[in-house]
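Since the structure comes first, as structure tokens, the remarks are kept for the end.
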Amino acid sequence: AAWFAAPVAMALRLHQGRPNVWTLLKNSMLLAVGAVLTFFAGTPFALVEPELVKRDLGGIFQTAQQGYPSMEGITTWGMYLGDALPHALSFAILALAVLGLVGLVVSDWRSTVVAVTPAAAYAVPAFAATLAQFGFVLPLLPTVCLCAGKGFEVMRSSLPWAAGQRLAVPGVLILAFASAPLLTSLCDQVRVQRPTTQDVTAEWIREHVPTGARILGTATGMSLPLTSERLSELLAEATSDRPAGGARIRFLQRMSPQGSGYFFYDMQGYVPKSKTGIPQLMEYDPEWITAHGFQYVVESEWKMKRFFRAPERYPLPFQFQRWLADKGELVFTTHPGSRGWVDWRDNPMRLREIEPWCGVSGGEFRVYRIK
């Protein structure tokens, strides 16, 4: 994205006298060669695996046009600008950044356009491609913080401070603006130190569920010791395209002592090899669950919430919820007092209030025994 600043700077220089055509052509060729070399230096696998790159780009273009399934009604622009950036900084700092950007444009718009071009060249395709990951806002933070600094300078110089306020008031304002991201960062660190709800649920299962039990997980991401039968199935799946099975299988082998595990089938969140993240729905079918003889079901709040935005498109998970209410007995929840998926859908803040200060990672987990 930074490469785009060079042609923009060259274009903005055209106002300074009559341009030399040959000079422009030479500079354009140099920029093109530099762009190609920079791309392949940073993305060497584009030379090694061009088909994989083509497939990935095809998936990005498709999601840019259609969005991700199970994210109906959510725009990436709204998620990034309304959630991710305020989480990383704060609305006050973002307001300062807008003020600073206006101040920079007024003072020297050409230099400002050149300086902001890399961030814009990165943000527009990244946000448009519905790559819904908070980490994608990180490259924007330096530009936003620099604009916020300029905005603070504009505010400080434009207000009529009294002589005794010129040092004290700006210092207090800086602390006020910085308090929100500092508190957010503190809470993030607190949550990291706490056991996740996956860990808490897995520990409860190891203590209260007899070994050998057949357990279905709704894409929980939990790790449990496995029976030899289930471990053999996972090994067969993993080695079909990777002879060694991968680090995940080696980890499961280490934590699964012979004869002391569970037949734990944790469904995948999405259809394997799906370009656009199509949710995996087959295992929500009550007939499929009954036919496979599962004795326990572990349900995840975060995985169920993705279907609430389009219930008419995903009827099977809601049929699963009705079946579970009729055939399942709740034996454990990480959030005592929760009403389950009714709260997940209608009143999620009630669950957050049950959690300790700063919250916990993973959302609510519920364990049902099938009657």
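Residue numbers start at 1 in each chain; chains themselves are named A, B, ... in the order of the structure tokens; ligands are numbered from 1 in the order shown.
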
I'd like the neighbourhood of Thr333 in chain A as a PyMOL selection string, where a residue qualifies if any of its atoms comes within 10 Å (using only C-alpha atoms), though same-chain residues fewer than 3 positions away should be ignored. chain A and resi 197+200-201+204+298-299+330+336-338+340+364-368

Selected residue of minimal separation from Leu182 in chain A among A:Arg55, A:His335, A:His87, A:Lys327, counting only C-alpha atoms: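 Closest candidate: A:His87.
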
Pick from A:Thr23, A:Gly103, A:Met222, A:Leu140: nearest to Ala120 in chain A, with only C-alpha atoms counted? A:Leu140

Counting only C-alpha atoms, which residues in range 131-240 of chain A sit no more than 7 Å from range 90-100 of chain A? For each one, give the nearest pair of atoms and the distance in Å, sorted by chain then residue number, as CSV.
```
residue,atom,partner,partner_atom,distance
A:Val144,CA,A:Ala97,CA,5.8
A:Cys145,CA,A:Ala97,CA,6.9
A:Cys147,CA,A:Ala97,CA,4.5
A:Ala148,CA,A:Ala97,CA,3.7
A:Gly149,CA,A:Gly100,CA,7.0
A:Lys150,CA,A:Gly100,CA,4.5
A:Gly151,CA,A:Gly100,CA,3.4
A:Phe152,CA,A:Leu96,CA,6.2
A:Val154,CA,A:Gly100,CA,6.8
A:Phe177,CA,A:Ala92,CA,6.3
A:Ala180,CA,A:Ser90,CA,6.1
A:Pro181,CA,A:Ser90,CA,6.2
```

Just the selected residues (N, CA and C atoms), exported as a PDB file, in the first residue's frame, please.
```pdb
ATOM      1  N   VAL A 144      -3.675   7.037  12.131  1.00  0.00           N
ATOM      2  CA  VAL A 144      -4.741   7.605  12.963  1.00  0.00           C
ATOM      3  C   VAL A 144      -4.152   8.354  14.157  1.00  0.00           C
ATOM      4  N   CYS A 145      -3.118   7.777  14.772  1.00  0.00           N
ATOM      5  CA  CYS A 145      -2.520   8.430  15.940  1.00  0.00           C
ATOM      6  C   CYS A 145      -1.818   9.730  15.558  1.00  0.00           C
ATOM      7  N   CYS A 147      -2.661  11.689  13.053  1.00  0.00           N
ATOM      8  CA  CYS A 147      -3.736  12.660  12.817  1.00  0.00           C
ATOM      9  C   CYS A 147      -4.347  13.120  14.134  1.00  0.00           C
ATOM     10  N   ALA A 148      -4.478  12.217  15.105  1.00  0.00           N
ATOM     11  CA  ALA A 148      -5.020  12.603  16.410  1.00  0.00           C
ATOM     12  C   ALA A 148      -4.094  13.588  17.106  1.00  0.00           C
ATOM     13  N   GLY A 149      -2.775  13.382  16.976  1.00  0.00           N
ATOM     14  CA  GLY A 149      -1.825  14.338  17.555  1.00  0.00           C
ATOM     15  C   GLY A 149      -1.972  15.719  16.947  1.00  0.00           C
ATOM     16  N   LYS A 150      -2.140  15.764  15.639  1.00  0.00           N
ATOM     17  CA  LYS A 150      -2.367  17.047  14.980  1.00  0.00           C
ATOM     18  C   LYS A 150      -3.694  17.656  15.432  1.00  0.00           C
ATOM     19  N   GLY A 151      -4.716  16.810  15.592  1.00  0.00           N
ATOM     20  CA  GLY A 151      -6.004  17.308  16.060  1.00  0.00           C
ATOM     21  C   GLY A 151      -5.913  17.905  17.451  1.00  0.00           C
ATOM     22  N   PHE A 152      -5.139  17.266  18.326  1.00  0.00           N
ATOM     23  CA  PHE A 152      -4.965  17.817  19.673  1.00  0.00           C
ATOM     24  C   PHE A 152      -4.245  19.159  19.619  1.00  0.00           C
ATOM     25  N   VAL A 154      -4.348  21.282  17.115  1.00  0.00           N
ATOM     26  CA  VAL A 154      -5.323  22.248  16.601  1.00  0.00           C
ATOM     27  C   VAL A 154      -6.255  22.705  17.714  1.00  0.00           C
ATOM     28  N   PHE A 177      -8.142  11.428  27.202  1.00  0.00           N
ATOM     29  CA  PHE A 177      -8.219  10.766  25.902  1.00  0.00           C
ATOM     30  C   PHE A 177      -7.555   9.389  25.939  1.00  0.00           C
ATOM     31  N   ALA A 180      -9.387   5.612  27.924  1.00  0.00           N
ATOM     32  CA  ALA A 180     -10.214   4.551  27.324  1.00  0.00           C
ATOM     33  C   ALA A 180      -9.367   3.432  26.718  1.00  0.00           C
ATOM     34  N   PRO A 181      -8.382   3.733  25.831  1.00  0.00           N
ATOM     35  CA  PRO A 181      -7.563   2.624  25.323  1.00  0.00           C
ATOM     36  C   PRO A 181      -6.729   1.949  26.394  1.00  0.00           C
TER      37      PRO A 181
END
```

Skip Tyr314 in chain A itself and residues of its chain fewer than 5 positions away, then list as a PyMOL selection string all residues within 10 Å of it, counting only C-alpha atoms. chain A and resi 70+279+281+306-309+319

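Proximity to Thr196 in chain A was assessed for A:Val360, A:Met267, A:Leu183, A:Leu30 counting only C-alpha atoms; the smallest distance is recorded for A:Val360.
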
By how many Å are CA of Phe136 in chain A and CA of Val106 in chain A apart?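 So the two atoms, CA of Phe136 in chain A and CA of Val106 in chain A, lie 29.3 Å apart.
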
Shortest interatomic distance to Ser179 in chain A - which of A:Ala88, A:Tyr262, A:Pro142, A:Glu203, counting only C-alpha atoms: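 Among A:Ala88, A:Tyr262, A:Pro142, A:Glu203, it is A:Ala88 that comes nearest to Ser179 in chain A.
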